[in-house]
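Trainee: Provided below: final-v8.tsv, containing TSV, C-alpha atoms.
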```
chain	number	residue	atom	x	y	z
H	1	MET	CA	13.86	17.37	-38.07
H	2	THR	CA	14.35	14.08	-36.18
H	3	ARG	CA	13.68	14.35	-32.46
H	4	GLN	CA	16.22	12.95	-30.02
H	5	LEU	CA	15.51	11.28	-26.68
H	6	ASP	CA	18.08	13.48	-24.96
H	7	SER	CA	16.72	16.76	-26.31
H	8	PRO	CA	15.62	19.34	-23.70
H	9	ALA	CA	12.03	19.30	-24.98
H	10	VAL	CA	11.71	15.53	-24.69
H	11	GLN	CA	13.35	15.43	-21.27
H	12	LYS	CA	10.94	18.13	-20.10
H	13	VAL	CA	8.08	15.80	-21.05
H	14	TYR	CA	9.88	13.00	-19.20
H	15	GLN	CA	10.03	15.05	-16.01
H	16	HIS	CA	6.32	15.89	-16.31
H	17	THR	CA	5.57	12.18	-16.84
H	18	ILE	CA	7.46	11.20	-13.71
H	19	ARG	CA	5.62	13.80	-11.61
H	20	THR	CA	2.22	12.65	-12.89
H	21	VAL	CA	3.01	8.98	-12.32
H	22	ILE	CA	4.25	9.73	-8.82
H	23	PHE	CA	0.96	11.42	-7.84
H	24	SER	CA	-1.13	8.62	-9.32
H	25	GLN	CA	0.96	5.93	-7.62
H	26	MET	CA	0.58	7.53	-4.21
H	27	LEU	CA	-3.15	6.93	-4.58
H	28	GLY	CA	-2.90	3.60	-6.35
H	29	GLY	CA	-0.77	2.16	-3.56
H	30	ALA	CA	-3.57	2.69	-1.04
H	31	GLY	CA	-5.92	0.81	-3.34
H	32	LEU	CA	-3.80	-2.29	-3.82
H	33	ALA	CA	-3.01	-2.60	-0.09
H	34	ALA	CA	-6.65	-3.28	0.79
H	35	GLY	CA	-6.89	-6.65	-0.91
H	36	ILE	CA	-3.55	-7.78	0.46
H	37	THR	CA	-4.52	-6.92	4.04
H	38	VAL	CA	-8.07	-8.22	4.39
H	39	GLY	CA	-9.02	-10.05	1.20
H	40	SER	CA	-8.10	-13.46	2.60
H	41	LEU	CA	-9.84	-12.66	5.91
H	42	ILE	CA	-13.14	-11.85	4.16
H	43	ALA	CA	-13.02	-15.05	2.11
H	44	ALA	CA	-12.18	-17.19	5.15
H	45	GLU	CA	-15.10	-15.64	7.04
H	46	MET	CA	-17.55	-16.29	4.18
H	47	LEU	CA	-16.28	-19.81	3.44
H	48	GLY	CA	-16.02	-20.80	7.09
H	49	THR	CA	-12.57	-22.33	6.51
H	50	GLU	CA	-8.99	-21.21	5.97
H	51	LYS	CA	-8.30	-24.03	3.52
H	52	TYR	CA	-9.05	-21.88	0.50
H	53	ALA	CA	-7.93	-18.58	1.97
H	54	GLY	CA	-5.34	-18.20	-0.77
H	55	VAL	CA	-8.14	-17.98	-3.35
H	56	PRO	CA	-8.69	-14.17	-3.01
H	57	SER	CA	-5.04	-13.48	-3.75
H	58	ALA	CA	-5.24	-15.89	-6.67
H	59	LEU	CA	-8.38	-14.29	-8.05
H	60	PHE	CA	-7.21	-10.71	-8.05
H	61	THR	CA	-3.92	-11.95	-9.47
H	62	ILE	CA	-5.87	-13.67	-12.29
H	63	GLY	CA	-7.66	-10.36	-12.81
H	64	SER	CA	-4.28	-8.72	-12.85
H	65	ALA	CA	-3.18	-11.05	-15.65
H	66	GLY	CA	-6.15	-10.18	-17.84
H	67	ALA	CA	-5.77	-6.50	-17.08
H	68	SER	CA	-2.06	-6.63	-17.97
H	69	LEU	CA	-2.96	-7.80	-21.46
H	70	LEU	CA	-5.71	-5.20	-21.75
H	71	VAL	CA	-3.53	-2.33	-20.52
H	72	GLY	CA	-0.66	-3.46	-22.74
H	73	ARG	CA	-2.90	-3.66	-25.80
H	74	ILE	CA	-4.45	-0.23	-25.15
H	75	THR	CA	-0.98	1.22	-24.54
H	76	ALA	CA	0.37	-0.13	-27.83
H	77	SER	CA	-2.49	1.44	-29.80
H	78	SER	CA	-3.49	4.51	-27.78
H	79	GLY	CA	-0.71	5.18	-25.28
H	80	ARG	CA	0.03	4.90	-21.57
H	81	ARG	CA	-2.54	7.53	-20.56
H	82	LEU	CA	-5.61	5.64	-21.71
H	83	GLY	CA	-4.18	2.22	-20.82
H	84	LEU	CA	-3.30	3.07	-17.21
H	85	ALA	CA	-6.45	5.11	-16.59
H	86	THR	CA	-8.62	2.22	-17.80
H	87	GLY	CA	-6.86	-0.21	-15.47
H	88	PHE	CA	-7.35	1.99	-12.42
H	89	PHE	CA	-11.01	2.63	-13.25
H	90	LEU	CA	-11.63	-1.12	-13.45
H	91	GLY	CA	-9.86	-1.59	-10.11
H	92	GLY	CA	-12.16	0.99	-8.54
H	93	ILE	CA	-15.24	-0.77	-9.88
H	94	GLY	CA	-13.91	-4.06	-8.48
H	95	ALA	CA	-13.49	-2.51	-5.02
H	96	LEU	CA	-17.11	-1.32	-5.05
H	97	LEU	CA	-18.29	-4.79	-6.09
H	98	ILE	CA	-16.35	-6.33	-3.19
H	99	ILE	CA	-18.24	-4.08	-0.79
H	100	LEU	CA	-21.53	-5.15	-2.38
H	101	ALA	CA	-20.53	-8.83	-2.11
H	102	THR	CA	-19.85	-8.52	1.62
H	103	VAL	CA	-23.16	-6.76	2.18
H	104	LEU	CA	-25.00	-9.53	0.31
H	105	THR	CA	-22.74	-12.26	1.78
H	106	ASN	CA	-22.38	-13.57	-1.76
H	107	ILE	CA	-19.15	-15.54	-2.18
H	108	TRP	CA	-19.51	-15.84	-5.97
H	109	LEU	CA	-19.92	-12.09	-6.37
H	110	LEU	CA	-16.89	-11.67	-4.12
H	111	PHE	CA	-14.83	-13.96	-6.34
H	112	PHE	CA	-15.92	-12.07	-9.48
H	113	ALA	CA	-15.27	-8.72	-7.80
H	114	LEU	CA	-11.75	-9.76	-6.78
H	115	ILE	CA	-10.95	-10.54	-10.43
H	116	ILE	CA	-12.07	-7.04	-11.49
H	117	TYR	CA	-10.26	-5.52	-8.52
H	118	GLY	CA	-7.07	-7.17	-9.78
H	119	ALA	CA	-6.96	-4.62	-12.60
H	120	GLY	CA	-5.82	-2.04	-10.06
H	121	THR	CA	-2.94	-4.27	-9.00
H	122	ALA	CA	-1.90	-4.80	-12.61
H	123	THR	CA	-2.02	-1.08	-13.32
H	124	ASN	CA	0.12	-0.29	-10.30
H	125	LEU	CA	2.80	-2.55	-11.75
H	126	GLN	CA	2.34	-1.38	-15.35
H	127	ALA	CA	2.84	2.23	-14.27
H	128	ARG	CA	6.51	1.48	-13.58
H	129	TYR	CA	7.05	1.21	-17.34
H	130	ALA	CA	5.67	4.69	-17.98
H	131	GLY	CA	8.74	6.15	-16.32
H	132	THR	CA	11.08	4.34	-18.71
H	133	ASP	CA	9.50	5.40	-22.02
H	134	LEU	CA	11.46	8.65	-22.29
H	135	ALA	CA	14.29	7.85	-19.86
H	136	LEU	CA	17.85	7.84	-21.13
H	137	PRO	CA	19.27	4.27	-21.31
H	138	HIS	CA	21.59	4.71	-18.32
H	139	LYS	CA	18.73	6.10	-16.21
H	140	ARG	CA	16.06	3.45	-16.84
H	141	ALA	CA	16.39	1.66	-13.52
H	142	THR	CA	16.20	4.99	-11.71
H	143	ALA	CA	13.07	5.82	-13.71
H	144	VAL	CA	11.47	2.53	-12.62
H	145	SER	CA	12.36	3.31	-9.02
H	146	MET	CA	10.89	6.80	-9.13
H	147	ALA	CA	7.60	5.42	-10.41
H	148	MET	CA	7.52	2.68	-7.77
H	149	VAL	CA	8.65	4.56	-4.69
H	150	ALA	CA	5.60	6.81	-4.79
H	151	THR	CA	3.44	3.74	-4.23
H	152	THR	CA	4.98	3.48	-0.75
H	153	PHE	CA	2.98	6.34	0.70
H	154	GLY	CA	-0.44	4.94	-0.15
H	155	ALA	CA	0.61	1.33	0.39
H	156	VAL	CA	1.78	2.04	3.94
H	157	LEU	CA	-1.26	4.16	4.72
H	158	GLY	CA	-3.72	1.56	3.41
H	159	PRO	CA	-3.19	-1.32	5.90
H	160	ASN	CA	-3.05	1.10	8.82
H	161	MET	CA	-6.43	2.49	7.82
H	162	VAL	CA	-8.14	-0.88	8.39
H	163	GLY	CA	-9.25	0.09	11.89
H	164	VAL	CA	-10.43	3.58	10.88
H	165	MET	CA	-12.29	2.33	7.81
H	166	SER	CA	-13.89	-0.41	9.93
H	167	HIS	CA	-15.57	2.35	11.97
H	168	VAL	CA	-16.67	4.01	8.74
H	169	ALA	CA	-18.11	0.69	7.60
H	170	ILE	CA	-20.06	0.29	10.85
H	171	PHE	CA	-21.42	3.81	10.44
H	172	LEU	CA	-22.57	2.92	6.91
H	173	HIS	CA	-24.04	-0.40	8.13
H	174	ILE	CA	-21.74	-2.62	6.06
H	175	PRO	CA	-19.39	-5.40	7.28
H	176	GLU	CA	-16.32	-4.09	9.09
H	177	LEU	CA	-13.73	-5.78	6.89
H	178	ALA	CA	-15.27	-4.21	3.77
H	179	GLY	CA	-14.53	-0.71	5.05
H	180	ILE	CA	-11.00	-0.62	3.65
H	181	PHE	CA	-12.40	-1.17	0.15
H	182	ILE	CA	-14.17	2.18	0.37
H	183	LEU	CA	-10.71	3.70	0.55
H	184	ALA	CA	-9.50	1.42	-2.25
H	185	ALA	CA	-12.31	2.45	-4.61
H	186	GLY	CA	-11.71	6.16	-4.05
H	187	ALA	CA	-7.94	5.76	-4.43
H	188	PHE	CA	-8.14	3.81	-7.70
H	189	PHE	CA	-10.67	6.19	-9.26
H	190	ALA	CA	-8.60	9.23	-8.25
H	191	ALA	CA	-5.41	7.67	-9.69
H	192	GLY	CA	-7.22	6.96	-12.96
H	193	PHE	CA	-8.49	10.53	-13.27
H	194	ILE	CA	-5.03	12.00	-12.61
H	195	LEU	CA	-3.48	9.86	-15.35
H	196	TYR	CA	-6.26	10.48	-17.85
H	197	PHE	CA	-6.29	14.25	-17.48
H	198	PHE	CA	-2.62	15.02	-16.79
H	199	LEU	CA	-0.45	12.41	-18.54
H	200	LYS	CA	-0.08	14.60	-21.62
H	201	PRO	CA	1.80	14.42	-23.95
H	202	ASP	CA	1.63	10.63	-23.76
H	203	PRO	CA	5.16	9.32	-23.01
H	204	TYR	CA	4.86	6.07	-24.97
H	205	LEU	CA	3.36	7.67	-28.08
H	206	LEU	CA	6.16	10.26	-28.05
H	207	ALA	CA	8.81	7.55	-27.54
H	208	ARG	CA	7.28	5.53	-30.39
H	209	ASP	CA	7.37	8.52	-32.72
H	210	ILE	CA	11.02	9.16	-31.85
H	211	ALA	CA	11.86	5.51	-32.53
H	212	ILE	CA	10.06	5.53	-35.88
H	213	GLU	CA	11.93	8.66	-36.96
H	214	ALA	CA	15.30	7.20	-35.92
H	215	PRO	CA	17.54	5.34	-38.38
H	216	ILE	CA	16.99	1.55	-38.42
H	217	GLU	CA	20.32	0.85	-36.73
H	218	GLU	CA	19.35	3.08	-33.78
H	219	GLN	CA	15.93	1.54	-33.14
H	220	GLY	CA	17.34	-1.36	-31.12
H	221	ILE	CA	16.87	-5.12	-31.40
H	222	HIS	CA	15.40	-7.79	-29.20
H	223	ASN	CA	17.81	-9.49	-26.83
H	224	GLN	CA	15.85	-12.66	-26.08
H	225	GLY	CA	18.28	-13.93	-23.46
H	226	LEU	CA	18.00	-10.67	-21.52
H	227	ILE	CA	14.21	-10.68	-21.79
H	228	TYR	CA	13.88	-14.29	-20.62
H	229	LEU	CA	16.25	-13.83	-17.71
H	230	GLY	CA	14.63	-10.59	-16.57
H	231	GLY	CA	11.20	-12.20	-16.82
H	232	PHE	CA	12.38	-15.26	-14.87
H	233	VAL	CA	13.68	-13.14	-12.00
H	234	MET	CA	10.43	-11.17	-11.77
H	235	VAL	CA	8.22	-14.26	-11.90
H	236	MET	CA	10.17	-16.16	-9.26
H	237	THR	CA	10.35	-13.23	-6.84
H	238	GLN	CA	6.60	-12.77	-7.28
H	239	ILE	CA	5.91	-16.43	-6.47
H	240	ILE	CA	7.91	-16.32	-3.24
H	241	MET	CA	6.51	-12.97	-2.16
H	242	VAL	CA	2.83	-13.77	-2.87
H	243	ALA	CA	2.95	-17.22	-1.24
H	244	ILE	CA	4.39	-16.07	2.08
H	245	MET	CA	2.60	-12.72	2.17
H	246	THR	CA	-0.83	-14.27	1.48
H	247	MET	CA	-0.64	-16.67	4.39
H	248	THR	CA	0.88	-14.29	6.94
H	249	PRO	CA	-2.40	-12.55	7.93
H	250	LEU	CA	-4.11	-15.91	8.46
H	251	HIS	CA	-1.08	-17.30	10.29
H	252	MET	CA	-1.22	-14.33	12.64
H	253	GLN	CA	-4.99	-14.46	13.07
H	254	HIS	CA	-4.77	-18.17	13.89
H	255	HIS	CA	-2.36	-17.31	16.70
H	256	GLN	CA	-4.64	-14.62	18.14
H	257	HIS	CA	-2.90	-11.52	16.79
H	258	SER	CA	-5.17	-8.49	16.42
H	259	VAL	CA	-6.25	-6.98	13.09
H	260	ASN	CA	-4.16	-3.91	13.95
H	261	ALA	CA	-1.07	-6.10	14.46
H	262	ILE	CA	-1.72	-7.78	11.12
H	263	GLY	CA	-2.11	-4.37	9.48
H	264	LEU	CA	1.18	-3.23	11.03
H	265	VAL	CA	3.11	-6.24	9.69
H	266	ILE	CA	1.60	-5.91	6.23
H	267	SER	CA	2.24	-2.16	6.13
H	268	PHE	CA	5.93	-2.76	6.88
H	269	HIS	CA	5.95	-5.44	4.19
H	270	ILE	CA	4.41	-3.17	1.55
H	271	ALA	CA	6.66	-0.27	2.56
H	272	SER	CA	9.62	-2.59	2.06
H	273	MET	CA	8.28	-3.55	-1.37
H	274	TYR	CA	8.39	0.04	-2.58
H	275	LEU	CA	10.44	2.32	-0.31
H	276	PRO	CA	13.82	0.74	-1.22
H	277	SER	CA	13.14	2.05	-4.73
H	278	LEU	CA	14.68	5.29	-3.46
H	279	ILE	CA	18.08	3.61	-3.88
H	280	THR	CA	17.42	0.41	-5.84
H	281	GLY	CA	17.29	2.11	-9.23
H	282	THR	CA	20.57	3.93	-8.60
H	283	LEU	CA	22.20	0.67	-7.47
H	284	VAL	CA	20.99	-1.17	-10.57
H	285	ASP	CA	22.29	1.59	-12.83
H	286	LYS	CA	25.67	1.48	-11.04
H	287	ILE	CA	26.37	-2.22	-10.35
H	288	GLY	CA	24.17	-3.80	-13.01
H	289	THR	CA	20.96	-5.78	-13.10
H	290	HIS	CA	22.77	-9.13	-12.81
H	291	LYS	CA	24.32	-8.37	-9.42
H	292	MET	CA	21.08	-6.91	-8.11
H	293	ALA	CA	19.19	-10.05	-9.17
H	294	LEU	CA	21.66	-12.17	-7.20
H	295	ILE	CA	21.28	-9.89	-4.17
H	296	ALA	CA	17.50	-10.24	-4.51
H	297	GLY	CA	17.84	-14.01	-4.27
H	298	PHE	CA	19.97	-13.83	-1.12
H	299	VAL	CA	17.61	-11.36	0.58
H	300	LEU	CA	14.65	-13.63	-0.19
H	301	VAL	CA	16.51	-16.57	1.40
H	302	LEU	CA	16.97	-14.50	4.57
H	303	ALA	CA	13.31	-13.44	4.49
H	304	ALA	CA	11.98	-16.99	4.22
H	305	MET	CA	14.38	-18.22	6.91
H	306	THR	CA	13.15	-15.50	9.27
H	307	THR	CA	9.45	-16.31	8.76
H	308	MET	CA	10.19	-20.02	9.09
H	309	LEU	CA	12.00	-19.63	12.41
H	310	ALA	CA	9.90	-16.80	13.91
H	311	PRO	CA	7.98	-17.78	17.07
H	312	THR	CA	4.23	-17.63	16.51
H	313	ASP	CA	3.81	-14.85	19.11
H	314	SER	CA	6.61	-12.66	17.71
H	315	VAL	CA	5.22	-9.69	15.80
H	316	LEU	CA	8.75	-8.28	15.66
H	317	LEU	CA	10.28	-11.24	13.80
H	318	LEU	CA	7.28	-11.59	11.48
H	319	THR	CA	7.64	-7.89	10.69
H	320	LEU	CA	11.35	-8.39	9.99
H	321	GLY	CA	10.69	-11.41	7.78
H	322	LEU	CA	7.95	-9.68	5.79
H	323	SER	CA	10.12	-6.56	5.45
H	324	LEU	CA	12.99	-8.61	4.01
H	325	LEU	CA	10.47	-10.31	1.74
H	326	GLY	CA	9.42	-6.92	0.39
H	327	ILE	CA	13.01	-5.78	-0.11
H	328	GLY	CA	13.91	-8.95	-2.01
H	329	TRP	CA	10.85	-8.53	-4.22
H	330	ASN	CA	11.80	-4.90	-4.88
H	331	PHE	CA	15.34	-5.81	-5.92
H	332	GLY	CA	14.09	-8.59	-8.17
H	333	LEU	CA	11.33	-6.55	-9.80
H	334	ILE	CA	13.46	-3.50	-10.59
H	335	SER	CA	16.46	-5.47	-11.84
H	336	GLY	CA	14.21	-7.73	-13.90
H	337	THR	CA	12.16	-4.83	-15.28
H	338	THR	CA	15.30	-2.96	-16.30
H	339	ALA	CA	16.64	-6.06	-18.05
H	340	VAL	CA	13.41	-6.44	-20.03
H	341	VAL	CA	13.36	-2.76	-21.03
H	342	ASP	CA	17.02	-2.97	-22.09
H	343	GLY	CA	16.28	-6.11	-24.09
H	344	THR	CA	13.38	-4.74	-26.13
H	345	ASN	CA	13.03	-2.09	-28.78
H	346	THR	CA	10.52	0.72	-28.35
H	347	LEU	CA	7.97	-0.50	-30.88
H	348	GLU	CA	7.67	-3.99	-29.36
H	349	ARG	CA	8.06	-2.97	-25.73
H	350	PRO	CA	4.39	-2.72	-24.56
H	351	LYS	CA	3.57	-6.16	-25.99
H	352	VAL	CA	6.56	-7.80	-24.31
H	353	GLN	CA	5.98	-5.96	-21.04
H	354	SER	CA	2.32	-6.96	-20.85
H	355	ARG	CA	3.09	-10.62	-21.63
H	356	ILE	CA	5.68	-10.77	-18.88
H	357	ASP	CA	3.30	-9.11	-16.42
H	358	VAL	CA	0.73	-11.75	-17.37
H	359	LEU	CA	3.22	-14.45	-16.43
H	360	ILE	CA	3.94	-12.65	-13.17
H	361	ALA	CA	0.23	-12.53	-12.44
H	362	VAL	CA	-0.50	-16.14	-13.43
H	363	PHE	CA	2.32	-17.63	-11.39
H	364	GLY	CA	1.51	-15.28	-8.52
H	365	SER	CA	-2.06	-16.57	-8.71
H	366	LEU	CA	-0.89	-20.18	-8.50
H	367	ALA	CA	1.33	-19.25	-5.57
H	368	GLY	CA	-1.64	-17.72	-3.78
H	369	ILE	CA	-3.78	-20.82	-4.29
H	370	LEU	CA	-1.09	-23.35	-3.41
H	371	SER	CA	0.07	-21.41	-0.35
H	372	GLY	CA	-3.31	-21.97	1.30
H	373	VAL	CA	-3.27	-25.67	0.45
H	374	ILE	CA	0.30	-26.10	1.69
H	375	VAL	CA	-0.39	-24.38	5.01
H	376	ASN	CA	-3.64	-26.33	5.45
H	377	TYR	CA	-1.90	-29.69	5.03
H	378	SER	CA	1.34	-28.74	6.79
H	379	ASP	CA	2.08	-25.34	8.31
H	380	TYR	CA	3.46	-21.85	7.73
H	381	ALA	CA	7.05	-22.97	8.41
H	382	VAL	CA	6.89	-25.52	5.58
H	383	LEU	CA	5.66	-22.80	3.22
H	384	SER	CA	8.60	-20.62	4.25
H	385	PHE	CA	11.03	-23.50	3.67
H	386	ILE	CA	9.71	-23.90	0.13
H	387	GLY	CA	10.33	-20.17	-0.27
H	388	ILE	CA	13.98	-20.73	0.68
H	389	LEU	CA	14.35	-23.42	-1.97
H	390	LEU	CA	12.85	-21.20	-4.68
H	391	ALA	CA	15.10	-18.29	-3.70
H	392	VAL	CA	18.16	-20.53	-3.95
H	393	PHE	CA	16.92	-21.57	-7.41
H	394	ILE	CA	16.94	-17.90	-8.48
H	395	ILE	CA	20.55	-17.55	-7.36
H	396	ILE	CA	21.62	-20.69	-9.21
H	397	VAL	CA	19.89	-19.79	-12.49
H	398	VAL	CA	21.15	-16.20	-12.55
H	399	PHE	CA	24.67	-17.36	-11.73
H	400	ILE	CA	24.68	-20.09	-14.41
H	401	THR	CA	23.26	-17.83	-17.14
H	402	ARG	CA	25.86	-15.22	-16.27
H	403	LYS	CA	28.58	-17.81	-16.79
H	404	LYS	CA	27.06	-18.74	-20.15
H	405	GLY	CA	27.26	-15.16	-21.34
H	406	VAL	CA	23.72	-13.85	-20.81
H	407	ARG	CA	24.50	-10.37	-19.54
H	408	MET	CA	22.05	-8.40	-17.43
```
Could you write out this file's structure as structure tokens?
Mentor:
Amino acid sequence: MTRQLDSPAVQKVYQHTIRTVIFSQMLGGAGLAAGITVGSLIAAEMLGTEKYAGVPSALFTIGSAGASLLVGRITASSGRRLGLATGFFLGGIGALLIILATVLTNIWLLFFALIIYGAGTATNLQARYAGTDLALPHKRATAVSMAMVATTFGAVLGPNMVGVMSHVAIFLHIPELAGIFILAAGAFFAAGFILYFFLKPDPYLLARDIAIEAPIEEQGIHNQGLIYLGGFVMVMTQIIMVAIMTMTPLHMQHHQHSVNAIGLVISFHIASMYLPSLITGTLVDKIGTHKMALIAGFVLVLAAMTTMLAPTDSVLLLTLGLSLLGIGWNFGLISGTTAVVDGTNTLERPKVQSRIDVLIAVFGSLAGILSGVIVNYSDYAVLSFIGILLAVFIIIVVFITRKKGVRM
């Protein structure tokens, strides 16, 4: 007998999948926050200059790109369970290598370690798709949100543990800034184990079997316009977010803000990246991905304007700007992700998803590198102004494609 997506048995598996992903994401969020908070500070300390401080963000984003392909390929052949667990395990290994690099003061090992560490970042993003495999079509955005919102807990905890983990690092006789990567390694490994042992039955393999059993006309077709537009929104929001976020810790350090103040701003930023997921998915399901993509663009304009105009001594305004930056990213990622899922059929979905996440990672990497160069030759305000221009570009493209009939 042909299984149906809306059958009680399948939806029971869906609920179990969501619970498992939520627990793993709580841990994974703590892991990814480490690199965002202090990665650029470690590199600047080793290199003796802030000119290339965007390199760490670029490197673990490059690692994220490679890991996206790897996780996508494993998912297509062996399912989400093995794909996601592998990504988190690699991220944990990368975190341990970063610690070793700081102990040895070896910049080349640090660069290599950041690439491996990027697998954890990629897996955190890829996990959002696991929630959509068995979700009913009108609940896909909500499923993405449920997978993402759990990341908030670890992601907020991570930056605020910088001070505590610095004391742990001193106790273990390793550099202070490396302490947070002890937490990152443990978090990534724990997330990987949870997924490997508890994500059963595998949601993608079950969804694939259901699709294969379904009549041809019910298997769905590719909507290239929807895929391209959703991918565009995700890539552009990633560029803006990574560029401004990467330079904020260094901007604050340059103006004598404490590490705790930097951790506070980044924790608000990361919370804003994920916590709005509590309502974003519901909004997308109700008003549509197109309108949410436009709202994302407007929020990003406000975010970049705030960081551009914020006085250098104002932690409050920098916190507000980085919070808006996170919210705009959240709106763009969830609306774009939902558009891509809606535009692909089940059998082709992992391949398309991984390719788009590669683009997100690659362009995010370039944003990380160029942000350091831009700030070095101009300043943080100029970087923020460029962010405004890119956000306006999102609004224009989404509006024009809507007029031409590409529905999101």
Trainee: What residues have an atom no more than 12 Å from (11.3, -1.6, 13.0) in the file's own frame, counting all atoms listed in the file, and can you write them as a PyMOL selection string?
Mentor: chain H and resi 264-265+267-269+271-272+315-324
Trainee: May I ask for the distance between CA of Phe181 in chain H and CA of Met148 in chain H, given in Å to one decimal place?
Mentor: 21.8 Å
Trainee: Would you pick out the contacts of Leu370 in chain H at 10 Å or less, using all atoms listed in the file, so that residues sharing its chain but fewer than 2 positions from it are not included, and give the list as a count of residues only?
Mentor: 17
Trainee: Counting only C-alpha atoms, which residue out of H:Ala150, H:Ile386, H:Leu134, H:Val362 sits closest to Leu27 in chain H?
Mentor: H:Ala150
Trainee: Which residue gives the smallest distance to Ile210 in chain H among H:Gly29, H:Ala85, H:Leu195, H:Thr346, with all atoms listed in the file counted?
Mentor: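 The closest residue to Ile210 in chain H is H:Thr346.
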Trainee: What does the distance between CA of Ile180 in chain H and CA of Val103 in chain H come to in Å, to one decimal place?
Mentor: 13.7 Å
